[in-house]
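So this one's run.txt, compact mmCIF, C-alpha atoms:
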```txt
# COMPACT_ATOMS: atom_id res chain seq x y z
CA MET R 1 -43.41 -77.79 -8.06
CA THR R 2 -42.29 -78.79 -11.51
CA ALA R 3 -44.10 -81.65 -13.21
CA LEU R 4 -41.83 -84.12 -15.00
CA PRO R 5 -42.35 -84.66 -18.72
CA ALA R 6 -44.83 -87.50 -19.32
CA GLY R 7 -43.26 -90.95 -19.52
CA SER R 8 -39.89 -89.99 -18.05
CA HIS R 9 -38.60 -90.86 -14.62
CA PRO R 10 -35.66 -89.37 -12.84
CA ASP R 11 -33.02 -92.03 -12.40
CA LEU R 12 -32.62 -93.65 -9.02
CA ALA R 13 -29.28 -92.00 -8.28
CA GLU R 14 -31.05 -88.67 -8.64
CA VAL R 15 -33.81 -89.81 -6.25
CA TRP R 16 -31.19 -90.91 -3.68
CA ARG R 17 -29.59 -87.43 -3.96
CA TRP R 18 -32.98 -85.84 -3.26
CA LEU R 19 -33.51 -88.12 -0.27
CA ALA R 20 -30.05 -87.17 1.04
CA GLU R 21 -31.42 -83.65 1.47
CA VAL R 22 -34.40 -84.70 3.62
CA PRO R 23 -33.42 -83.92 7.23
CA ASP R 24 -34.30 -86.00 10.27
CA PRO R 25 -37.00 -83.95 12.02
CA GLU R 26 -35.42 -84.33 15.48
CA ILE R 27 -31.75 -84.05 14.51
CA PRO R 28 -31.89 -81.84 11.41
CA VAL R 29 -28.12 -81.93 10.73
CA ILE R 30 -28.40 -85.50 9.47
CA SER R 31 -30.54 -86.74 6.62
CA VAL R 32 -32.76 -89.78 6.33
CA THR R 33 -30.08 -91.43 4.17
CA ASP R 34 -27.37 -90.62 6.75
CA LEU R 35 -29.53 -92.47 9.28
CA GLY R 36 -29.73 -95.50 7.00
CA ILE R 37 -33.50 -95.77 7.27
CA VAL R 38 -34.20 -95.61 3.52
CA ARG R 39 -33.77 -99.27 2.60
CA GLU R 40 -34.76 -99.33 -1.05
CA VAL R 41 -35.88 -97.06 -3.86
CA GLU R 42 -37.30 -98.47 -7.07
CA TRP R 43 -39.65 -97.71 -9.92
CA GLN R 44 -42.56 -100.12 -10.18
CA GLY R 45 -43.94 -99.11 -13.55
CA GLU R 46 -44.79 -95.44 -13.23
CA THR R 47 -44.78 -95.48 -9.43
CA LEU R 48 -41.77 -94.64 -7.30
CA VAL R 49 -41.65 -96.96 -4.29
CA VAL R 50 -39.57 -95.83 -1.31
CA THR R 51 -39.07 -98.39 1.46
CA VAL R 52 -38.33 -96.99 4.89
CA THR R 53 -37.59 -98.76 8.18
CA PRO R 54 -38.41 -97.17 11.55
CA THR R 55 -35.59 -96.36 14.00
CA TYR R 56 -37.33 -97.21 17.30
CA SER R 57 -40.77 -98.86 17.45
CA GLY R 58 -42.34 -95.86 19.16
CA CYS R 59 -40.27 -93.03 17.71
CA PRO R 60 -42.71 -90.13 17.22
CA ALA R 61 -40.59 -88.87 14.31
CA THR R 62 -41.48 -91.90 12.16
CA SER R 63 -44.70 -90.46 10.73
CA VAL R 64 -43.12 -87.02 10.27
CA ILE R 65 -40.25 -88.62 8.35
CA ALA R 66 -42.71 -90.31 5.99
CA LEU R 67 -44.51 -87.00 5.41
CA ASP R 68 -41.22 -85.16 4.82
CA ILE R 69 -40.00 -87.76 2.31
CA GLU R 70 -43.28 -87.60 0.46
CA ALA R 71 -43.34 -83.79 0.40
CA ALA R 72 -39.71 -83.59 -0.79
CA LEU R 73 -40.24 -86.03 -3.66
CA ARG R 74 -43.50 -84.39 -4.73
CA ALA R 75 -41.71 -81.05 -4.79
CA LYS R 76 -39.27 -82.61 -7.26
CA GLY R 77 -42.19 -83.52 -9.51
CA VAL R 78 -42.73 -87.17 -8.53
CA GLU R 79 -46.47 -87.65 -8.78
CA ARG R 80 -46.95 -91.38 -8.36
CA LEU R 81 -45.29 -92.29 -5.13
CA ARG R 82 -45.73 -95.02 -2.53
CA LEU R 83 -43.97 -95.35 0.83
CA GLU R 84 -43.62 -98.82 2.28
CA ARG R 85 -42.56 -99.83 5.77
CA ARG R 86 -40.11 -102.67 6.25
CA LEU R 87 -39.31 -104.04 9.72
CA ALA R 88 -36.78 -106.76 8.87
CA PRO R 89 -33.88 -106.62 9.20
CA PRO R 90 -34.37 -104.21 12.10
CA TRP R 91 -32.66 -100.84 11.92
CA THR R 92 -29.23 -100.69 13.50
CA THR R 93 -26.90 -97.76 14.16
CA ASP R 94 -24.33 -99.71 12.09
CA TRP R 95 -26.22 -98.25 9.10
CA LEU R 96 -25.34 -94.66 10.02
CA THR R 97 -23.07 -93.31 7.31
CA ARG R 98 -19.55 -92.09 8.02
CA GLU R 99 -20.63 -88.56 7.03
CA GLY R 100 -23.67 -88.87 9.30
CA ARG R 101 -21.44 -89.74 12.26
CA GLU R 102 -19.20 -86.75 11.58
CA LYS R 103 -22.22 -84.44 11.27
CA LEU R 104 -23.53 -85.68 14.63
CA ARG R 105 -20.19 -85.03 16.30
CA ARG R 106 -20.00 -81.50 14.90
CA TYR R 107 -23.56 -80.88 16.10
CA GLY R 108 -22.58 -81.90 19.65
CA ILE R 109 -23.96 -85.46 19.72
CA ALA R 110 -21.42 -88.23 20.30
CA PRO R 111 -21.83 -90.82 17.51
CA PRO R 112 -22.36 -94.51 18.36
CA VAL R 113 -19.34 -96.51 19.53
CA ASP R 114 -19.28 -100.15 18.43
CA GLY R 115 -19.82 -102.70 21.14
CA THR R 116 -21.90 -100.52 23.43
CA ALA R 117 -25.34 -101.85 22.52
CA ALA R 118 -27.42 -103.42 25.27
CA ASP R 119 -27.40 -107.18 24.86
CA GLY R 120 -29.51 -108.22 27.83
CA ARG R 121 -26.69 -110.36 29.25
CA ILE R 122 -27.31 -109.39 32.81
CA ALA R 123 -24.83 -111.77 34.45
CA GLY R 124 -21.86 -110.21 32.63
CA ARG R 125 -23.26 -106.80 33.33
CA ILE R 126 -23.43 -107.35 37.07
CA ALA R 127 -19.75 -108.31 37.03
CA ARG R 128 -18.94 -105.16 35.06
CA LEU R 129 -20.91 -102.90 37.39
CA ALA R 130 -18.20 -103.29 40.03
CA GLY R 131 -15.33 -102.32 37.70
CA GLY R 132 -17.12 -99.77 35.54
CA GLY R 133 -15.58 -100.59 32.18
CA ASN R 134 -14.51 -97.78 29.87
CA LEU R 135 -16.60 -97.63 26.72
CA ALA R 136 -14.50 -94.74 25.36
CA VAL R 137 -17.36 -92.51 24.30
CA ALA R 138 -15.57 -89.29 23.43
CA CYS R 139 -16.96 -85.93 24.52
CA PRO R 140 -18.12 -84.17 21.32
CA ARG R 141 -17.04 -80.83 22.80
CA CYS R 142 -13.47 -81.40 24.03
CA GLY R 143 -12.70 -84.90 22.72
CA SER R 144 -11.86 -86.36 26.14
CA THR R 145 -12.74 -90.00 26.69
CA ARG R 146 -13.05 -89.42 30.42
CA THR R 147 -16.82 -89.51 30.22
CA GLU R 148 -19.58 -91.20 32.15
CA ARG R 149 -23.12 -92.25 31.47
CA ILE R 150 -25.89 -90.43 33.29
CA SER R 151 -28.78 -92.39 31.81
CA GLN R 152 -29.19 -94.95 29.04
CA PHE R 153 -32.24 -92.95 27.91
CA GLY R 154 -32.10 -89.40 26.60
CA SER R 155 -33.98 -86.61 24.89
CA THR R 156 -35.14 -88.89 22.05
CA PRO R 157 -35.43 -92.69 21.88
CA CYS R 158 -32.14 -92.94 19.98
CA LYS R 159 -29.99 -91.09 22.51
CA ALA R 160 -28.47 -91.61 25.96
CA SER R 161 -27.38 -88.89 28.39
CA TRP R 162 -23.65 -88.63 29.17
CA ARG R 163 -21.30 -86.15 30.76
CA CYS R 164 -17.64 -85.30 30.34
CA THR R 165 -15.59 -85.38 33.55
CA ASP R 166 -12.92 -83.14 31.98
CA CYS R 167 -14.87 -80.22 30.53
CA LEU R 168 -17.85 -81.08 32.77
CA GLU R 169 -20.40 -80.59 29.99
CA PRO R 170 -23.36 -82.94 29.67
CA PHE R 171 -23.90 -84.31 26.15
CA ASP R 172 -26.13 -86.58 24.12
CA TYR R 173 -24.78 -89.93 22.96
CA PHE R 174 -26.40 -91.54 19.90
CA LYS R 175 -26.58 -95.00 21.42
CA CYS R 176 -25.90 -98.26 19.62
CA ILE R 177 -28.77 -100.53 18.75
CA MET K 1 -44.48 -119.31 5.93
CA ALA K 2 -47.88 -118.20 4.87
CA GLU K 3 -48.55 -121.93 5.23
CA ALA K 4 -47.88 -121.94 8.95
CA ALA K 5 -50.01 -118.84 9.30
CA THR K 6 -52.99 -120.41 7.58
CA ALA K 7 -52.58 -123.81 9.20
CA VAL K 8 -52.84 -122.31 12.66
CA ASP K 9 -56.18 -121.64 14.27
CA ARG K 10 -56.96 -118.03 13.42
CA ALA K 11 -58.80 -117.29 16.66
CA ALA K 12 -55.93 -118.67 18.74
CA PHE K 13 -53.38 -116.66 16.75
CA PHE K 14 -55.45 -113.50 17.21
CA ASP K 15 -55.70 -114.17 20.93
CA TRP K 16 -51.99 -114.75 21.24
CA LEU K 17 -51.16 -111.53 19.34
CA CYS K 18 -53.49 -109.63 21.67
CA ARG K 19 -51.61 -111.11 24.64
CA MET K 20 -48.36 -109.72 23.24
CA GLY K 21 -49.82 -106.35 22.24
CA ASP K 22 -52.00 -105.81 25.31
CA SER K 23 -49.19 -106.43 27.80
CA CYS K 24 -47.11 -103.82 25.94
CA LEU K 25 -50.03 -101.39 25.79
CA VAL K 26 -51.10 -101.65 29.42
CA LEU K 27 -47.54 -101.50 30.76
CA GLY K 28 -46.79 -98.62 28.39
CA HIS K 29 -49.81 -96.78 29.76
CA ARG K 30 -48.84 -97.51 33.37
CA VAL K 31 -45.28 -96.30 32.79
CA SER K 32 -46.53 -93.16 31.02
CA GLU K 33 -48.41 -92.25 34.22
CA TRP K 34 -44.99 -91.29 35.61
CA CYS K 35 -44.46 -88.57 33.01
CA GLY K 36 -43.74 -85.39 34.96
CA HIS K 37 -43.70 -87.20 38.34
CA ALA K 38 -40.47 -89.22 38.51
CA PRO K 39 -37.96 -88.51 41.28
CA VAL K 40 -35.35 -87.01 38.93
CA LEU K 41 -35.46 -85.64 35.40
CA GLU K 42 -33.31 -88.42 33.87
CA GLU K 43 -35.62 -91.10 35.25
CA ASP K 44 -38.67 -89.21 34.04
CA ILE K 45 -37.21 -89.16 30.54
CA ALA K 46 -36.21 -92.83 30.72
CA LEU K 47 -39.70 -93.87 31.80
CA ALA K 48 -41.32 -91.84 29.02
CA ASN K 49 -38.98 -93.38 26.46
CA GLN K 50 -39.80 -96.89 27.62
CA ALA K 51 -43.50 -96.14 27.50
CA LEU K 52 -42.99 -94.99 23.90
CA ASP K 53 -41.10 -98.17 22.98
CA LEU K 54 -43.82 -100.33 24.50
CA ILE K 55 -46.66 -98.49 22.82
CA GLY K 56 -44.78 -98.63 19.49
CA GLN K 57 -44.33 -102.38 19.91
CA CYS K 58 -48.02 -102.68 20.81
CA GLN K 59 -48.91 -101.02 17.50
CA PHE K 60 -46.97 -103.69 15.60
CA TRP K 61 -48.59 -106.58 17.52
CA LEU K 62 -52.13 -105.22 17.38
CA SER K 63 -51.84 -104.28 13.69
CA LEU K 64 -50.86 -107.85 12.97
CA ALA K 65 -53.69 -109.08 15.23
CA GLY K 66 -56.16 -107.07 13.15
CA GLU K 67 -54.65 -108.45 9.94
CA VAL K 68 -54.85 -112.05 11.19
CA GLU K 69 -58.40 -111.58 12.44
CA GLY K 70 -59.42 -110.34 8.98
CA ARG K 71 -62.34 -108.18 10.07
CA GLY K 72 -60.75 -104.87 9.20
CA ARG K 73 -59.93 -103.79 12.75
CA SER K 74 -56.88 -101.53 13.11
CA ALA K 75 -54.47 -101.38 16.05
CA ASP K 76 -56.33 -98.28 17.26
CA ASP K 77 -59.70 -100.06 17.03
CA LEU K 78 -58.34 -102.89 19.15
CA ALA K 79 -56.69 -100.58 21.69
CA TYR K 80 -59.54 -98.12 22.14
CA LEU K 81 -62.73 -100.04 21.45
CA ARG K 82 -62.43 -103.30 23.36
CA ASP K 83 -63.61 -103.61 26.96
CA ALA K 84 -61.64 -105.19 29.80
CA ALA K 85 -62.86 -108.76 29.22
CA GLN K 86 -61.41 -108.66 25.70
CA PHE K 87 -57.97 -107.57 26.92
CA ARG K 88 -55.35 -110.33 27.14
CA ASN K 89 -52.54 -108.65 29.08
CA LEU K 90 -50.78 -110.19 32.08
CA LEU K 91 -52.15 -109.23 35.50
CA LEU K 92 -48.63 -108.10 36.47
CA VAL K 93 -48.63 -105.14 34.06
CA GLU K 94 -51.95 -103.73 35.27
CA ARG K 95 -50.73 -103.56 38.91
CA PRO K 96 -50.69 -99.95 40.11
CA ASN K 97 -47.36 -98.12 39.96
CA GLY K 98 -46.85 -97.75 43.71
CA ASP K 99 -43.61 -95.93 44.47
CA PHE K 100 -40.71 -95.58 42.06
CA GLY K 101 -39.06 -98.76 43.36
CA HIS K 102 -42.29 -100.72 42.99
CA THR K 103 -42.58 -99.56 39.36
CA LEU K 104 -38.99 -100.62 38.68
CA MET K 105 -39.46 -104.03 40.30
CA ARG K 106 -42.56 -104.66 38.17
CA GLN K 107 -40.61 -103.52 35.12
CA PHE K 108 -37.68 -105.81 35.88
CA LEU K 109 -39.85 -108.91 36.45
CA PHE K 110 -41.61 -108.23 33.14
CA ASP K 111 -38.51 -107.18 31.16
CA ALA K 112 -36.66 -110.37 32.09
CA PHE K 113 -39.62 -112.38 30.70
CA HIS K 114 -40.20 -110.09 27.70
CA PHE K 115 -36.54 -110.35 26.69
CA GLU K 116 -36.57 -114.18 26.68
CA MET K 117 -39.91 -114.28 24.86
CA LEU K 118 -38.76 -111.94 22.08
CA ARG K 119 -35.47 -113.75 21.69
CA ALA K 120 -37.34 -117.02 21.18
CA LEU K 121 -39.80 -115.37 18.78
CA GLU K 122 -36.99 -114.29 16.46
CA GLY K 123 -37.09 -117.89 15.27
CA SER K 124 -40.88 -117.86 14.71
CA ALA K 125 -42.23 -119.76 11.72
CA ASP K 126 -44.27 -116.64 10.90
CA PRO K 127 -41.90 -114.02 9.42
CA ARG K 128 -44.15 -111.16 10.53
CA VAL K 129 -43.83 -112.29 14.15
CA ALA K 130 -40.08 -112.83 13.78
CA ALA K 131 -39.64 -109.31 12.33
CA ILE K 132 -41.49 -107.61 15.20
CA ALA K 133 -39.58 -109.68 17.75
CA ALA K 134 -36.19 -108.85 16.24
CA LYS K 135 -37.02 -105.14 16.30
CA ALA K 136 -38.57 -105.06 19.78
CA GLY K 137 -35.91 -107.35 21.26
CA LYS K 138 -33.16 -104.80 20.75
CA GLU K 139 -35.19 -102.16 22.59
CA VAL K 140 -36.13 -104.52 25.38
CA ALA K 141 -32.45 -105.38 25.96
CA TYR K 142 -32.07 -101.73 26.99
CA HIS K 143 -35.16 -101.92 29.19
CA LEU K 144 -33.85 -105.01 30.95
CA GLU K 145 -30.42 -103.55 31.58
CA ARG K 146 -31.92 -100.40 33.05
CA SER K 147 -34.47 -102.10 35.29
CA ALA K 148 -31.88 -104.65 36.50
CA ASP K 149 -29.40 -101.85 37.28
CA LEU K 150 -31.99 -99.93 39.26
CA VAL K 151 -33.30 -102.96 41.15
CA ILE K 152 -29.70 -103.62 42.21
CA ALA K 153 -29.00 -99.97 43.04
CA LEU K 154 -32.16 -99.58 45.13
CA GLY K 155 -32.10 -103.06 46.70
CA ASP K 156 -28.46 -102.68 47.68
CA GLY K 157 -28.98 -99.03 48.62
CA SER K 158 -30.15 -97.43 51.84
CA THR K 159 -32.18 -99.28 54.47
CA GLU K 160 -35.24 -97.39 53.28
CA SER K 161 -34.77 -98.24 49.59
CA HIS K 162 -33.93 -101.87 50.41
CA ASP K 163 -37.07 -102.28 52.50
CA ARG K 164 -39.23 -100.73 49.80
CA MET K 165 -37.78 -103.03 47.13
CA ALA K 166 -38.30 -106.05 49.38
CA ALA K 167 -41.93 -105.03 49.90
CA ALA K 168 -42.41 -104.51 46.15
CA LEU K 169 -40.96 -107.95 45.43
CA ARG K 170 -43.29 -109.61 47.95
CA ALA K 171 -46.30 -107.81 46.52
CA LEU K 172 -45.53 -108.52 42.85
CA TRP K 173 -44.13 -112.04 43.01
CA PRO K 174 -47.56 -113.77 43.05
CA TYR K 175 -48.19 -112.23 39.61
CA THR K 176 -45.13 -113.74 37.93
CA GLY K 177 -46.39 -117.31 37.59
CA GLU K 178 -48.95 -116.32 34.97
CA MET K 179 -46.17 -115.53 32.49
CA PHE K 180 -45.19 -119.21 32.30
CA ALA K 181 -48.56 -121.00 32.53
CA ASP K 182 -49.15 -122.77 29.20
CA ASP K 183 -52.71 -123.08 27.96
CA ALA K 184 -54.53 -124.17 24.79
CA VAL K 185 -53.63 -120.97 22.92
CA ASP K 186 -49.94 -121.39 23.75
CA ARG K 187 -50.02 -125.03 22.71
CA ALA K 188 -51.63 -124.14 19.36
CA MET K 189 -48.95 -121.49 18.74
CA ALA K 190 -46.16 -123.86 19.72
CA ALA K 191 -47.55 -126.63 17.49
CA ALA K 192 -47.56 -124.21 14.54
CA GLY K 193 -44.00 -123.10 15.30
CA ILE K 194 -45.14 -119.52 15.82
CA ALA K 195 -44.24 -119.09 19.48
CA PRO K 196 -42.50 -121.01 22.25
CA LEU K 197 -44.36 -122.58 25.15
CA PRO K 198 -44.09 -119.97 27.90
CA SER K 199 -43.09 -122.65 30.43
CA GLY K 200 -39.91 -123.20 28.42
CA LEU K 201 -38.83 -119.61 29.08
CA LYS K 202 -38.94 -119.98 32.83
CA PRO K 203 -35.44 -121.38 33.51
CA ALA K 204 -33.69 -118.46 31.76
CA TRP K 205 -36.00 -115.94 33.45
CA ALA K 206 -35.48 -117.54 36.85
CA ALA K 207 -31.70 -117.45 36.40
CA THR K 208 -31.73 -113.73 35.54
CA VAL K 209 -34.05 -112.94 38.42
CA ALA K 210 -32.03 -114.96 40.94
CA GLU K 211 -28.82 -113.27 39.81
CA VAL K 212 -30.22 -109.75 40.06
CA LEU K 213 -32.01 -110.31 43.38
CA ALA K 214 -28.78 -111.69 44.87
CA ALA K 215 -26.82 -108.65 43.64
CA ALA K 216 -29.60 -106.46 45.04
CA THR K 217 -29.33 -108.20 48.46
CA LEU K 218 -33.03 -109.09 48.26
CA ASP K 219 -34.32 -112.42 49.56
CA HIS K 220 -35.77 -114.64 46.85
CA PRO K 221 -39.48 -115.16 47.60
CA GLY K 222 -39.38 -118.86 46.68
CA GLU K 223 -42.54 -120.80 45.89
CA VAL K 224 -45.73 -118.91 46.74
CA TRP K 225 -49.31 -119.13 45.51
CA GLN K 226 -49.68 -117.53 42.06
CA HIS K 227 -52.58 -115.61 40.46
CA GLY K 228 -54.03 -116.58 37.10
CA VAL K 229 -52.32 -119.95 36.83
CA SER K 230 -54.98 -122.56 37.55
CA GLY K 231 -58.57 -122.76 36.32
CA ALA K 232 -59.88 -120.39 33.67
CA GLY K 233 -58.73 -117.13 35.29
CA GLY K 234 -55.89 -114.77 34.58
CA GLY K 235 -55.39 -111.68 32.47
CA ARG K 236 -54.36 -113.69 29.43
CA ARG K 237 -57.84 -115.20 29.36
CA GLY K 238 -59.58 -111.88 29.95
CA VAL K 239 -60.19 -112.20 33.70
CA HIS K 240 -58.68 -109.02 35.13
CA SER K 241 -58.30 -107.18 38.40
CA GLU K 242 -60.39 -104.04 38.90
CA HIS K 243 -57.35 -101.91 38.02
CA LEU K 244 -57.64 -102.54 34.27
CA GLY K 245 -61.05 -100.86 34.10
CA TYR K 246 -59.63 -97.63 35.49
CA ILE K 247 -56.76 -97.72 33.01
CA LEU K 248 -59.16 -98.21 30.10
CA ALA K 249 -61.48 -95.48 31.37
CA GLU K 250 -58.63 -93.01 31.10
CA MET K 251 -57.04 -94.41 27.95
CA GLN K 252 -60.23 -94.91 25.96
CA PHE K 253 -62.28 -91.92 27.08
CA LEU K 254 -61.60 -89.71 24.07
CA GLN K 255 -62.43 -92.36 21.46
CA ARG K 256 -65.54 -93.44 23.37
CA ALA K 257 -66.81 -89.88 23.81
CA TYR K 258 -65.81 -88.64 20.34
CA PRO K 259 -65.72 -91.73 18.10
CA GLY K 260 -63.15 -91.47 15.31
CA ALA K 261 -61.59 -88.27 16.70
CA VAL K 262 -58.23 -87.48 15.06
CA TRP K 263 -55.75 -84.64 15.36
```

Would you encode the structure as C-alpha cells?
Amino acid sequence: MTALPAGSHPDLAEVWRWLAEVPDPEIPVISVTDLGIVREVEWQGETLVVTVTPTYSGCPATSVIALDIEAALRAKGVERLRLERRLAPPWTTDWLTREGREKLRRYGIAPPVDGTAADGRIAGRIARLAGGGNLAVACPRCGSTRTERISQFGSTPCKASWRCTDCLEPFDYFKCI
Amino acid sequence: MAEAATAVDRAAFFDWLCRMGDSCLVLGHRVSEWCGHAPVLEEDIALANQALDLIGQCQFWLSLAGEVEGRGRSADDLAYLRDAAQFRNLLLVERPNGDFGHTLMRQFLFDAFHFEMLRALEGSADPRVAAIAAKAGKEVAYHLERSADLVIALGDGSTESHDRMAAALRALWPYTGEMFADDAVDRAMAAAGIAPLPSGLKPAWAATVAEVLAAATLDHPGEVWQHGVSGAGGGRRGVHSEHLGYILAEMQFLQRAYPGAVW
C-alpha cells in the first residue's frame, strides 16, 4: 500500500478507473462499474464517499462487494473512506455497460434482452403461455436464437437458466430487472 | 416526508413495518426448508433464490422498523430475539410446506397480494418505504410469474397433480382473508399516506387469483370462513398458530444459545 501525500486526493476519474478493476465476486469477468452498481463517487472534505446500490435484495455478494471495493481503494492509498448504500432508484440491468454485456457474452452468459423483465401482468402472460412468444435470447455459445427457458431462476439471483435447441447446450441468462 | 414520518404514530408504524418484514422472514424461512429437497434441481434453485429475495427484503423492512422504533434494535435483533407473540406475519406464511404443489399454492396466494401491496407502496409518503417497495416489487414480479405458471401447470396437469392443487387451495383459502382485513394500524398508516388500506388491494388480487385458477382448471373456493379477520386474533396482531413457535425454535436457536454469535 502506498500512502498518498498529505492533503492531496486522487481525482474522481482516477477513482472510477480503480473501481472499474474491482470484479464482481460471482461473475469475475465483469467489474462493479460494468454492473452499474456504483452510483456516485465524491470527496466530502478529506473523505472519499462511494455510494453503492445492491443488485438483488438478498444477493449474498452484496457484502463481499463492499469489502472488495474498500480493500481495492485502501490498496490505492485512500485512507478516509466511507461506503454508503442507496436503494432508490432500484438497480436495473439497463445500467449494465455495453462492455459489460460483451464480457458476459464472451464468458458464456447471455446478456439481458430488453423487454424480458417480469412485470407481474399475469393476464397477458396466461395468453402468451399458449403461443410461447420468442424473446430472442441468443445462445452465447453458437449465437442461435432458437433457445428456450428452463427456469426463471438460476445459479445466482441475477440469472435464469436457458438452453439452446440448436447446439443443445444449457446456458445462464443474465435476466432483466 | 420526514413530516409524515413524525406525524404518524411511531408504535403503529413500527408494528406495520414488522408486518411487512415478518411475513417476508417467515415465508423466506419456510421456502428455505426446501433447499436440497425439491423435486428437480431447477426448482430447488428457484426456491432457494426466492427465499434469499424474501430474507433480503425482510432485512430492509426490519432495519427500518428498528430505525423508526428508535431503541437501537437492528434487523437481526428483531428477527432473532423476539418471541412468537411479537411477530406480526400473516398466518398464511407460517402454514407448513406440505407437498411441492401446496408450497406453490401458498406462494401464489401470497405473491399476488405482495405484488399489489408493493406496487401501491411505491407511492408511499415515506421515501424509505417507497424505496424498499420499488426494489422488492421488481423481484416479486418474478416470484408471481413463477408461482402463477406452476399453479397453472400443476392444476392443469395430471389427475394427481390437479387433485393435490385442489386440496392445497381448499386448505389455504381460509388464510387469505387476513391479508385484506383493515385494522387500527392500517388506518393509521393510510391516514399518514404511508401505506394503502389492505382492503383496497383485494379487487386486483381477486382478479389475478380468479384468472390463474381458471387457467389452472381449479374451482374457485368462493366465500368461506376466514382466520384472523374478526376480533383481536390473527398473525398480524401477534396471535399465531403453533407452527410459528417451531419455526422460531429452529431459526433463533443459535442466537439464543450463543448470544451475539457471528461468523

Output, as AutoDock Vina command-line options, the centre and edge lengths in Å (one decimal) of the axis-aligned box that contains all listed atoms of stretch 187-199 of chain K with 4 Å of margin on each side.
```
--center_x -47.1 --center_y -122.9 --center_z 22.5 --size_x 17.1 --size_y 15.5 --size_z 23.9
```

- Query: Quick one: which residues from chain R are at most 6 Å off chain K, using all atoms listed in the file, as a list in words?
  - Reply: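 Listed by rising number, the hits are Ser57, Gly58, Leu87, Ala88, Pro90, Ala118, Asp119, Gly120, Phe153 and Pro157 of chain R.
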
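Closest to R:Leu83 among R:Thr147, R:Thr116, R:Thr55, R:Thr47 is R:Thr47, based on only C-alpha atoms.
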
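The interatomic distance for the pair atom CA of K:Ala191 and atom CA of K:Met179 works out to 18.7 Å.
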
- Name the residues in contact with stretch 244-252 of chain K at a cut-off of 7 Å, using all atoms listed in the file, excluding same-chain residues fewer than 4 positions from it; report them as a list of chain:residue names.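 With the cut-off at 7 Å, the set is K:Tyr80, K:Ala84, K:Glu94, K:His240, K:Arg256.
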
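For the residues R:Ser151, R:Thr53, R:Ser63, R:Ser8, ranking by smallest atom-to-atom distance to R:Gly36 using only C-alpha atoms places R:Thr53 first.
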
- Item | Gap from atom CA of R:Gln44 to atom CA of K:Trp61 - Å, one decimal |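 Rounded to one decimal, the two atoms are 29.1 Å apart.
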
- Enter the distance from atom CA of R:Ala117 to atom CA of R:Lys103, in Å, rounded to one decimal.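 Result for atom CA of R:Ala117 versus atom CA of R:Lys103: 21.0 Å, one decimal.
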
- Query: Got a sec to check which residues sit within 10 Å of (-57.6, -115.5, 26.8), counting all atoms listed in the file, and write them as a list of chain:residue names?
  - Reply: K:Ala12, K:Asp15, K:Trp16, K:Cys18, K:Arg19, K:Ala85, K:Gln86, K:Phe87, K:Arg88, K:Asn89, K:Asp183, K:Ala184, K:Val185, K:Ala232, K:Gly233, K:Gly234, K:Gly235, K:Arg236, K:Arg237, K:Gly238, K:Val239

Can you tell me, as a PDB file with C-alpha atoms, in the frame of the given file, which residues sit within 12 Å of (-35.0, -89.7, 11.9) in the file's frame, using only C-alpha atoms?
```pdb
ATOM      1  CA  VAL R  22     -34.400 -84.700   3.620  1.00  0.00           C
ATOM      2  CA  PRO R  23     -33.420 -83.920   7.230  1.00  0.00           C
ATOM      3  CA  ASP R  24     -34.300 -86.000  10.270  1.00  0.00           C
ATOM      4  CA  PRO R  25     -37.000 -83.950  12.020  1.00  0.00           C
ATOM      5  CA  GLU R  26     -35.420 -84.330  15.480  1.00  0.00           C
ATOM      6  CA  ILE R  27     -31.750 -84.050  14.510  1.00  0.00           C
ATOM      7  CA  PRO R  28     -31.890 -81.840  11.410  1.00  0.00           C
ATOM      8  CA  VAL R  29     -28.120 -81.930  10.730  1.00  0.00           C
ATOM      9  CA  ILE R  30     -28.400 -85.500   9.470  1.00  0.00           C
ATOM     10  CA  SER R  31     -30.540 -86.740   6.620  1.00  0.00           C
ATOM     11  CA  VAL R  32     -32.760 -89.780   6.330  1.00  0.00           C
ATOM     12  CA  THR R  33     -30.080 -91.430   4.170  1.00  0.00           C
ATOM     13  CA  ASP R  34     -27.370 -90.620   6.750  1.00  0.00           C
ATOM     14  CA  LEU R  35     -29.530 -92.470   9.280  1.00  0.00           C
ATOM     15  CA  GLY R  36     -29.730 -95.500   7.000  1.00  0.00           C
ATOM     16  CA  ILE R  37     -33.500 -95.770   7.270  1.00  0.00           C
ATOM     17  CA  VAL R  38     -34.200 -95.610   3.520  1.00  0.00           C
ATOM     18  CA  VAL R  52     -38.330 -96.990   4.890  1.00  0.00           C
ATOM     19  CA  THR R  53     -37.590 -98.760   8.180  1.00  0.00           C
ATOM     20  CA  PRO R  54     -38.410 -97.170  11.550  1.00  0.00           C
ATOM     21  CA  THR R  55     -35.590 -96.360  14.000  1.00  0.00           C
ATOM     22  CA  TYR R  56     -37.330 -97.210  17.300  1.00  0.00           C
ATOM     23  CA  CYS R  59     -40.270 -93.030  17.710  1.00  0.00           C
ATOM     24  CA  PRO R  60     -42.710 -90.130  17.220  1.00  0.00           C
ATOM     25  CA  ALA R  61     -40.590 -88.870  14.310  1.00  0.00           C
ATOM     26  CA  THR R  62     -41.480 -91.900  12.160  1.00  0.00           C
ATOM     27  CA  SER R  63     -44.700 -90.460  10.730  1.00  0.00           C
ATOM     28  CA  VAL R  64     -43.120 -87.020  10.270  1.00  0.00           C
ATOM     29  CA  ILE R  65     -40.250 -88.620   8.350  1.00  0.00           C
ATOM     30  CA  ALA R  66     -42.710 -90.310   5.990  1.00  0.00           C
ATOM     31  CA  LEU R  67     -44.510 -87.000   5.410  1.00  0.00           C
ATOM     32  CA  ASP R  68     -41.220 -85.160   4.820  1.00  0.00           C
ATOM     33  CA  ILE R  69     -40.000 -87.760   2.310  1.00  0.00           C
ATOM     34  CA  TRP R  91     -32.660-100.840  11.920  1.00  0.00           C
ATOM     35  CA  THR R  93     -26.900 -97.760  14.160  1.00  0.00           C
ATOM     36  CA  LEU R  96     -25.340 -94.660  10.020  1.00  0.00           C
ATOM     37  CA  GLY R 100     -23.670 -88.870   9.300  1.00  0.00           C
ATOM     38  CA  THR R 156     -35.140 -88.890  22.050  1.00  0.00           C
ATOM     39  CA  PRO R 157     -35.430 -92.690  21.880  1.00  0.00           C
ATOM     40  CA  CYS R 158     -32.140 -92.940  19.980  1.00  0.00           C
ATOM     41  CA  LYS R 159     -29.990 -91.090  22.510  1.00  0.00           C
ATOM     42  CA  PHE R 174     -26.400 -91.540  19.900  1.00  0.00           C
TER      43      PHE R 174
END
```
